[in-house]
>>> print(open('input-v9.pdb').read())   # PDB, C-alpha atoms
MODEL        1
ATOM      1  CA  MET Z   1      -5.429 -27.279   5.422
ATOM      2  CA  THR Z   2      -3.613 -29.238   2.771
ATOM      3  CA  LYS Z   3      -0.727 -31.547   3.522
ATOM      4  CA  LEU Z   4       2.479 -29.561   3.865
ATOM      5  CA  SER Z   5       5.728 -30.633   2.281
ATOM      6  CA  THR Z   6       8.779 -31.194   4.442
ATOM      7  CA  ILE Z   7      10.472 -28.045   3.159
ATOM      8  CA  SER Z   8       7.444 -25.879   3.942
ATOM      9  CA  LYS Z   9       7.290 -27.364   7.462
ATOM     10  CA  ILE Z  10      10.967 -26.497   7.912
ATOM     11  CA  PHE Z  11      10.311 -22.929   6.762
ATOM     12  CA  ALA Z  12       7.341 -22.696   9.143
ATOM     13  CA  VAL Z  13       9.408 -23.866  12.113
ATOM     14  CA  LEU Z  14      12.289 -21.531  11.223
ATOM     15  CA  SER Z  15       9.866 -18.643  10.870
ATOM     16  CA  LEU Z  16       8.303 -19.389  14.266
ATOM     17  CA  MET Z  17      11.724 -19.695  15.892
ATOM     18  CA  ALA Z  18      12.861 -16.405  14.383
ATOM     19  CA  ALA Z  19       9.583 -14.776  15.469
ATOM     20  CA  SER Z  20      10.098 -15.988  19.031
ATOM     21  CA  VAL Z  21      13.656 -14.670  19.109
ATOM     22  CA  TRP Z  22      12.519 -11.411  17.502
ATOM     23  CA  ILE Z  23       9.744 -10.831  20.046
ATOM     24  CA  GLY Z  24      12.098 -11.583  22.918
ATOM     25  CA  SER Z  25      14.799  -9.274  21.574
ATOM     26  CA  TYR Z  26      12.204  -6.611  20.773
ATOM     27  CA  LEU Z  27      10.991  -6.612  24.366
ATOM     28  CA  THR Z  28      14.564  -6.657  25.671
ATOM     29  CA  ARG Z  29      15.543  -3.726  23.472
ATOM     30  CA  LEU Z  30      12.455  -1.782  24.532
ATOM     31  CA  PHE Z  31      13.159  -2.345  28.224
ATOM     32  CA  LEU Z  32      16.845  -1.455  27.867
ATOM     33  CA  VAL Z  33      16.239   1.735  25.912
ATOM     34  CA  TYR Z  34      13.340   2.903  28.084
ATOM     35  CA  GLN Z  35      15.538   2.450  31.172
ATOM     36  CA  LEU Z  36      17.817   5.225  29.894
ATOM     37  CA  PHE Z  37      15.137   7.896  30.000
ATOM     38  CA  GLU Z  38      12.629   9.267  32.443
ATOM     39  CA  GLY Z  39       9.512  11.328  32.139
ATOM     40  CA  PRO Z  40       7.592  12.303  29.049
ATOM     41  CA  GLU Z  41      10.405  14.698  28.109
ATOM     42  CA  LEU Z  42      12.740  11.687  27.743
ATOM     43  CA  ILE Z  43      15.644  13.163  29.664
ATOM     44  CA  LEU Z  44      18.480  10.874  30.658
ATOM     45  CA  LYS Z  45      18.241   9.355  34.122
ATOM     46  CA  GLY Z  46      20.436  10.793  36.850
ATOM     47  CA  PHE Z  47      22.846   7.869  37.068
ATOM     48  CA  ILE Z  48      23.932   8.313  33.438
ATOM     49  CA  ASN Z  49      26.892  10.625  33.066
ATOM     50  CA  GLU Z  50      29.775  11.225  30.657
ATOM     51  CA  GLY Z  51      31.855   8.550  32.370
ATOM     52  CA  ASN Z  52      29.458   5.653  31.913
ATOM     53  CA  VAL Z  53      27.250   6.586  28.956
ATOM     54  CA  ASN Z  54      29.539   4.945  26.371
ATOM     55  CA  GLY Z  55      29.572   1.646  28.277
ATOM     56  CA  ILE Z  56      25.815   1.722  28.747
ATOM     57  CA  LEU Z  57      25.201   2.410  25.065
ATOM     58  CA  PHE Z  58      27.667  -0.237  23.954
ATOM     59  CA  SER Z  59      25.927  -2.831  26.149
ATOM     60  CA  ILE Z  60      22.704  -2.297  24.172
ATOM     61  CA  VAL Z  61      24.320  -3.358  20.869
ATOM     62  CA  PRO Z  62      23.652  -7.137  21.185
ATOM     63  CA  SER Z  63      19.921  -6.641  21.693
ATOM     64  CA  LEU Z  64      19.786  -4.301  18.696
ATOM     65  CA  VAL Z  65      21.679  -6.723  16.458
ATOM     66  CA  VAL Z  66      19.620  -9.766  17.481
ATOM     67  CA  HIS Z  67      16.407  -7.783  16.991
ATOM     68  CA  PHE Z  68      17.541  -6.571  13.571
ATOM     69  CA  ILE Z  69      18.688  -9.962  12.241
ATOM     70  CA  SER Z  70      15.837 -12.044  13.665
ATOM     71  CA  PHE Z  71      13.189  -9.796  12.098
ATOM     72  CA  ILE Z  72      14.778 -10.119   8.672
ATOM     73  CA  VAL Z  73      15.093 -13.890   9.081
ATOM     74  CA  MET Z  74      11.466 -14.147  10.226
ATOM     75  CA  ILE Z  75      10.183 -12.221   7.200
ATOM     76  CA  ILE Z  76      12.267 -14.265   4.766
ATOM     77  CA  PHE Z  77      11.163 -17.612   6.202
ATOM     78  CA  LEU Z  78       7.527 -16.509   6.423
ATOM     79  CA  ILE Z  79       7.565 -15.635   2.734
ATOM     80  CA  LEU Z  80       9.332 -18.897   1.869
ATOM     81  CA  PHE Z  81       6.781 -20.840   3.935
ATOM     82  CA  TYR Z  82       3.873 -19.225   2.131
ATOM     83  CA  LEU Z  83       5.424 -19.767  -1.301
ATOM     84  CA  THR Z  84       6.350 -23.411  -0.699
ATOM     85  CA  SER Z  85       3.224 -24.464   1.197
ATOM     86  CA  LYS Z  86       0.729 -23.431  -1.486
ATOM     87  CA  VAL Z  87      -1.843 -22.913   1.259
ATOM     88  CA  SER Z  88      -5.019 -21.233   0.071
ATOM     89  CA  LEU Z  89      -5.623 -18.018   1.961
ATOM     90  CA  ARG Z  90      -9.262 -18.275   1.014
ATOM     91  CA  PHE Z  91      -9.681 -21.389   3.148
ATOM     92  CA  ASN Z  92      -7.206 -20.478   5.893
ATOM     93  CA  GLY Z  93      -8.242 -17.160   7.380
ATOM     94  CA  TRP Z  94      -5.724 -17.440  10.215
ATOM     95  CA  LEU Z  95      -2.834 -17.379   7.746
ATOM     96  CA  PHE Z  96      -4.440 -14.526   5.840
ATOM     97  CA  ILE Z  97      -4.662 -12.480   9.050
ATOM     98  CA  ILE Z  98      -1.009 -13.182   9.858
ATOM     99  CA  LEU Z  99       0.191 -12.222   6.386
ATOM    100  CA  ILE Z 100      -1.897  -9.046   6.282
ATOM    101  CA  ALA Z 101      -0.697  -7.979   9.737
ATOM    102  CA  VAL Z 102       2.931  -8.569   8.722
ATOM    103  CA  LEU Z 103       2.451  -6.606   5.501
ATOM    104  CA  ILE Z 104       0.764  -3.721   7.327
ATOM    105  CA  THR Z 105       3.423  -3.478  10.036
ATOM    106  CA  LEU Z 106       6.376  -4.084   7.701
ATOM    107  CA  PRO Z 107       6.848  -0.472   6.503
ATOM    108  CA  PHE Z 108       6.755   0.832  10.073
ATOM    109  CA  GLU Z 109       9.206  -1.810  11.245
ATOM    110  CA  ILE Z 110      11.529  -1.012   8.350
ATOM    111  CA  TYR Z 111      11.402   2.671   9.261
ATOM    112  CA  LEU Z 112      12.295   1.916  12.889
ATOM    113  CA  MET Z 113      14.947  -0.609  11.849
ATOM    114  CA  LEU Z 114      16.675   2.031   9.734
ATOM    115  CA  ASN Z 115      17.051   4.059  12.926
ATOM    116  CA  ASP Z 116      18.387   0.972  14.713
ATOM    117  CA  TYR Z 117      20.808   0.388  11.847
ATOM    118  CA  LYS Z 118      22.223   3.894  12.294
ATOM    119  CA  VAL Z 119      22.689   3.212  15.998
ATOM    120  CA  ILE Z 120      24.373  -0.154  15.336
ATOM    121  CA  LEU Z 121      26.730   1.367  12.773
ATOM    122  CA  ALA Z 122      27.599   4.257  15.061
ATOM    123  CA  LEU Z 123      28.257   2.034  18.070
ATOM    124  CA  ASN Z 124      30.368  -0.411  16.064
ATOM    125  CA  SER Z 125      32.430   2.336  14.452
ATOM    126  CA  GLY Z 126      34.824   2.432  17.385
ATOM    127  CA  SER Z 127      34.583   6.126  18.135
ATOM    128  CA  PHE Z 128      31.080   7.462  18.424
ATOM    129  CA  ASP Z 129      29.323  10.525  19.693
ATOM    130  CA  SER Z 130      27.143   9.432  22.601
ATOM    131  CA  ALA Z 131      24.959  12.544  22.274
ATOM    132  CA  ASN Z 132      24.130  11.593  18.679
ATOM    133  CA  ILE Z 133      23.198   8.051  19.688
ATOM    134  CA  ILE Z 134      21.059   9.311  22.574
ATOM    135  CA  THR Z 135      19.299  11.585  20.084
ATOM    136  CA  LEU Z 136      18.690   8.620  17.750
ATOM    137  CA  LEU Z 137      17.310   6.490  20.597
ATOM    138  CA  ARG Z 138      15.131   9.326  21.832
ATOM    139  CA  GLY Z 139      13.871   9.881  18.278
ATOM    140  CA  ARG Z 140      13.040   6.197  17.942
ATOM    141  CA  ILE Z 141      10.885   6.384  21.065
ATOM    142  CA  LYS Z 142       9.142   9.550  19.882
ATOM    143  CA  ASP Z 143       8.613   8.348  16.288
ATOM    144  CA  LEU Z 144       5.670   5.971  16.238
ATOM    145  CA  SER Z 145       5.686   5.917  20.034
ATOM    146  CA  SER Z 146       2.904   3.428  20.718
ATOM    147  CA  PHE Z 147       3.524   1.383  17.570
ATOM    148  CA  SER Z 148       6.041  -0.844  19.349
ATOM    149  CA  ILE Z 149       3.464  -2.025  21.864
ATOM    150  CA  VAL Z 150       0.812  -2.564  19.211
ATOM    151  CA  ALA Z 151       3.308  -4.507  17.084
ATOM    152  CA  ILE Z 152       4.306  -6.740  20.009
ATOM    153  CA  LEU Z 153       0.670  -7.525  20.842
ATOM    154  CA  THR Z 154      -0.082  -8.188  17.185
ATOM    155  CA  TYR Z 155       2.828 -10.555  16.771
ATOM    156  CA  LEU Z 156       2.022 -12.332  20.041
ATOM    157  CA  SER Z 157      -1.491 -12.978  18.738
ATOM    158  CA  PHE Z 158       0.049 -14.924  15.833
ATOM    159  CA  PHE Z 159       0.818 -17.802  18.169
ATOM    160  CA  TYR Z 160      -2.892 -18.045  18.997
ATOM    161  CA  PHE Z 161      -3.742 -18.056  15.278
ATOM    162  CA  ILE Z 162      -1.164 -20.736  14.545
ATOM    163  CA  VAL Z 163      -2.242 -23.022  17.383
ATOM    164  CA  PHE Z 164      -6.025 -22.742  17.059
ATOM    165  CA  GLN Z 165      -6.267 -21.835  13.358
ATOM    166  CA  PRO Z 166      -9.549 -19.935  13.509
ATOM    167  CA  LEU Z 167     -11.412 -19.076  10.309
ATOM    168  CA  THR Z 168     -10.425 -22.320   8.613
ATOM    169  CA  LYS Z 169     -12.894 -23.500   5.992
ATOM    170  CA  LYS Z 170     -13.264 -27.087   4.932
ATOM    171  CA  ILE Z 171     -12.756 -27.647   1.224
ATOM    172  CA  ASP Z 172     -15.782 -29.388  -0.293
ATOM    173  CA  SER Z 173     -14.784 -32.208  -2.594
ATOM    174  CA  GLN Z 174     -17.751 -31.463  -4.881
ATOM    175  CA  GLU Z 175     -16.498 -28.046  -6.029
TER     176      GLU Z 175
ENDMDL
END
>>> encode(input="input-v9.pdb", output="structure tokens")
Amino acid sequence: MTKLSTISKIFAVLSLMAASVWIGSYLTRLFLVYQLFEGPELILKGFINEGNVNGILFSIVPSLVVHFISFIVMIIFLILFYLTSKVSLRFNGWLFIILIAVLITLPFEIYLMLNDYKVILALNSGSFDSANIITLLRGRIKDLSSFSIVAILTYLSFFYFIVFQPLTKKIDSQE
């Protein structure tokens, strides 16, 4: 790999930091939301009632906001890293795999983030209908149900690619 400029190294570190925060908040949000429901029918658990549902839903807001912002920051810094580093994808297969995986999962993540955005707006509006938010959260679980787990495993594999940099070709000086 060619020598990276200071600015591209900064973008790489910021992208990795945002990715770490995003993965952590993604897992936190998944665990929090899945704890609300039981069974394949996704009915609310017995301890959730009209008296505590608003507090429970409002406590989920920080994980949704951190997840939302960190993903956007990660994408922006990943793009800035690629543009400033001038790394050849032809000779760095690990970076090619990362960029392709991000591009493939991006539309699905955007779709799910639009749902999260509706939930964030509703919960921050002051007065919200808890039944509507429960419906949005249930819909998010049902839409692309196993995608979240596949996305997490894919993004966790990026750390392996970054550390070991497989599929790296040496550039011949005679070309």
>>> atom_distance(input="input-v9.pdb", atom1="atom CA of Z:Leu78", atom2="atom CA of Z:Phe91")
18.2 Å
>>> closest_residue(input="input-v9.pdb", among="Z:Leu121, Z:Leu137, Z:Ile72, Z:Leu114", to="Z:Phe37", atoms="only C-alpha atoms")
Z:Leu137
>>> atom_distance(input="input-v9.pdb", atom1="atom CA of Z:His67", atom2="atom CA of Z:Val163")
24.1 Å
>>> residues_around(input="input-v9.pdb", residues="stretch 5-7 of chain Z", least_positions_apart="5", cutoff="9 Å", atoms="only C-alpha atoms", output="list of chain:residue names")
Z:Ala12, Z:Phe81, Z:Thr84, Z:Ser85
>>> resolve_selection(input="input-v9.pdb", expression="the PyMOL selection byres ((chain Z and resi 158) around 12)", output="list of chain:residue names")
Z:Ser15, Z:Leu16, Z:Ala19, Z:Ser20, Z:Ile23, Z:Trp94, Z:Leu95, Z:Phe96, Z:Ile97, Z:Ile98, Z:Leu99, Z:Ile100, Z:Ala101, Z:Val102, Z:Ala151, Z:Ile152, Z:Leu153, Z:Thr154, Z:Tyr155, Z:Leu156, Z:Ser157, Z:Phe159, Z:Tyr160, Z:Phe161, Z:Ile162, Z:Val163, Z:Phe164, Z:Gln165, Z:Pro166
>>> write_last_selection(input="input-v9.pdb", atoms="C-alpha atoms", output="CSV table (one decimal), in the coordinates of the input")
chain,number,residue,atom,x,y,z
Z,15,SER,CA,9.9,-18.6,10.9
Z,16,LEU,CA,8.3,-19.4,14.3
Z,19,ALA,CA,9.6,-14.8,15.5
Z,20,SER,CA,10.1,-16.0,19.0
Z,23,ILE,CA,9.7,-10.8,20.0
Z,94,TRP,CA,-5.7,-17.4,10.2
Z,95,LEU,CA,-2.8,-17.4,7.7
Z,96,PHE,CA,-4.4,-14.5,5.8
Z,97,ILE,CA,-4.7,-12.5,9.0
Z,98,ILE,CA,-1.0,-13.2,9.9
Z,99,LEU,CA,0.2,-12.2,6.4
Z,100,ILE,CA,-1.9,-9.0,6.3
Z,101,ALA,CA,-0.7,-8.0,9.7
Z,102,VAL,CA,2.9,-8.6,8.7
Z,151,ALA,CA,3.3,-4.5,17.1
Z,152,ILE,CA,4.3,-6.7,20.0
Z,153,LEU,CA,0.7,-7.5,20.8
Z,154,THR,CA,-0.1,-8.2,17.2
Z,155,TYR,CA,2.8,-10.6,16.8
Z,156,LEU,CA,2.0,-12.3,20.0
Z,157,SER,CA,-1.5,-13.0,18.7
Z,159,PHE,CA,0.8,-17.8,18.2
Z,160,TYR,CA,-2.9,-18.0,19.0
Z,161,PHE,CA,-3.7,-18.1,15.3
Z,162,ILE,CA,-1.2,-20.7,14.5
Z,163,VAL,CA,-2.2,-23.0,17.4
Z,164,PHE,CA,-6.0,-22.7,17.1
Z,165,GLN,CA,-6.3,-21.8,13.4
Z,166,PRO,CA,-9.5,-19.9,13.5
>>> residues_around(input="input-v9.pdb", residues="Z:Ile120", least_positions_apart="6", cutoff="8 Å", atoms="only C-alpha atoms", output="VMD selection string")
chain Z and resid 61 64 to 65
>>> closest_residue(input="input-v9.pdb", among="Z:Ser125, Z:Glu50, Z:Leu112, Z:Ile79", to="Z:Gly139", atoms="only C-alpha atoms")
Z:Leu112
>>> closest_residue(input="input-v9.pdb", among="Z:Val66, Z:Ile149, Z:Val87, Z:Ile141", to="Z:Leu4", atoms="all atoms listed in the file")
Z:Val87
>>> closest_residue(input="input-v9.pdb", among="Z:Leu42, Z:Ala131, Z:Val21, Z:Leu106", to="Z:Ser63", atoms="only C-alpha atoms")
Z:Val21
>>> atom_distance(input="input-v9.pdb", atom1="atom CA of Z:Gly55", atom2="atom CA of Z:Glu38")
19.0 Å
>>> closest_residue(input="input-v9.pdb", among="Z:Phe47, Z:Phe68, Z:Phe11, Z:Trp22", to="Z:Tyr82", atoms="all atoms listed in the file")
Z:Phe11
>>> closest_residue(input="input-v9.pdb", among="Z:Leu57, Z:Met113, Z:Val13, Z:Leu83", to="Z:Ile134", atoms="only C-alpha atoms")
Z:Leu57
>>> residues_near_point(input="input-v9.pdb", point="(18.6, 1.5, 27.0)", cutoff="9 Å", atoms="all atoms listed in the file", output="JSON, numbers by chain")
{"Z": [29, 30, 31, 32, 33, 34, 35, 36, 37, 56, 57, 59, 60, 137]}
>>> resolve_selection(input="input-v9.pdb", expression="the PyMOL selection byres ((chain Z and resi 133) around 9)", output="number ranges by chain")
Z: 57, 118-119, 122-123, 128-132, 134-138
>>> decode(input="input-v9.pdb", residues="stretch 61-76 of chain Z", atoms="N, CA, C and O atoms", output="short mmCIF file (atom, residue, chain, number, x, y, z; two decimals), in the first residue's frame")
data_model
loop_
_atom_site.label_atom_id
_atom_site.label_comp_id
_atom_site.auth_asym_id
_atom_site.auth_seq_id
_atom_site.Cartn_x
_atom_site.Cartn_y
_atom_site.Cartn_z
N VAL Z 61 -34.31 6.21 23.07
CA VAL Z 61 -33.91 7.31 22.19
C VAL Z 61 -32.40 7.48 22.07
O VAL Z 61 -31.88 7.60 20.96
N PRO Z 62 -31.62 7.51 23.18
CA PRO Z 62 -30.18 7.72 23.02
C PRO Z 62 -29.49 6.68 22.13
O PRO Z 62 -28.64 7.03 21.31
N SER Z 63 -29.88 5.43 22.25
CA SER Z 63 -29.25 4.40 21.41
C SER Z 63 -29.62 4.60 19.94
O SER Z 63 -28.80 4.37 19.06
N LEU Z 64 -30.84 5.04 19.69
CA LEU Z 64 -31.25 5.31 18.30
C LEU Z 64 -30.48 6.49 17.72
O LEU Z 64 -30.03 6.44 16.57
N VAL Z 65 -30.32 7.54 18.50
CA VAL Z 65 -29.64 8.74 18.01
C VAL Z 65 -28.16 8.46 17.77
O VAL Z 65 -27.61 8.85 16.72
N VAL Z 66 -27.51 7.78 18.71
CA VAL Z 66 -26.09 7.46 18.53
C VAL Z 66 -25.89 6.55 17.33
O VAL Z 66 -24.98 6.76 16.52
N HIS Z 67 -26.76 5.57 17.16
CA HIS Z 67 -26.70 4.67 16.01
C HIS Z 67 -26.85 5.46 14.71
O HIS Z 67 -26.09 5.28 13.76
N PHE Z 68 -27.81 6.34 14.67
CA PHE Z 68 -28.12 7.13 13.47
C PHE Z 68 -26.94 8.03 13.10
O PHE Z 68 -26.48 8.02 11.95
N ILE Z 69 -26.43 8.78 14.06
CA ILE Z 69 -25.36 9.75 13.78
C ILE Z 69 -24.04 9.04 13.47
O ILE Z 69 -23.34 9.43 12.53
N SER Z 70 -23.70 8.01 14.22
CA SER Z 70 -22.41 7.35 14.00
C SER Z 70 -22.34 6.66 12.64
O SER Z 70 -21.27 6.60 12.03
N PHE Z 71 -23.47 6.15 12.14
CA PHE Z 71 -23.44 5.53 10.81
C PHE Z 71 -23.17 6.58 9.74
O PHE Z 71 -22.36 6.36 8.84
N ILE Z 72 -23.83 7.71 9.85
CA ILE Z 72 -23.61 8.79 8.88
C ILE Z 72 -22.17 9.27 8.92
O ILE Z 72 -21.52 9.44 7.88
N VAL Z 73 -21.64 9.46 10.12
CA VAL Z 73 -20.25 9.90 10.28
C VAL Z 73 -19.29 8.86 9.70
O VAL Z 73 -18.33 9.21 9.01
N MET Z 74 -19.55 7.58 9.96
CA MET Z 74 -18.69 6.52 9.44
C MET Z 74 -18.66 6.54 7.91
O MET Z 74 -17.59 6.46 7.30
N ILE Z 75 -19.82 6.66 7.28
CA ILE Z 75 -19.88 6.68 5.82
C ILE Z 75 -19.14 7.88 5.26
O ILE Z 75 -18.36 7.76 4.30
N ILE Z 76 -19.34 9.04 5.85
CA ILE Z 76 -18.68 10.26 5.37
C ILE Z 76 -17.16 10.13 5.47
O ILE Z 76 -16.44 10.40 4.52
#
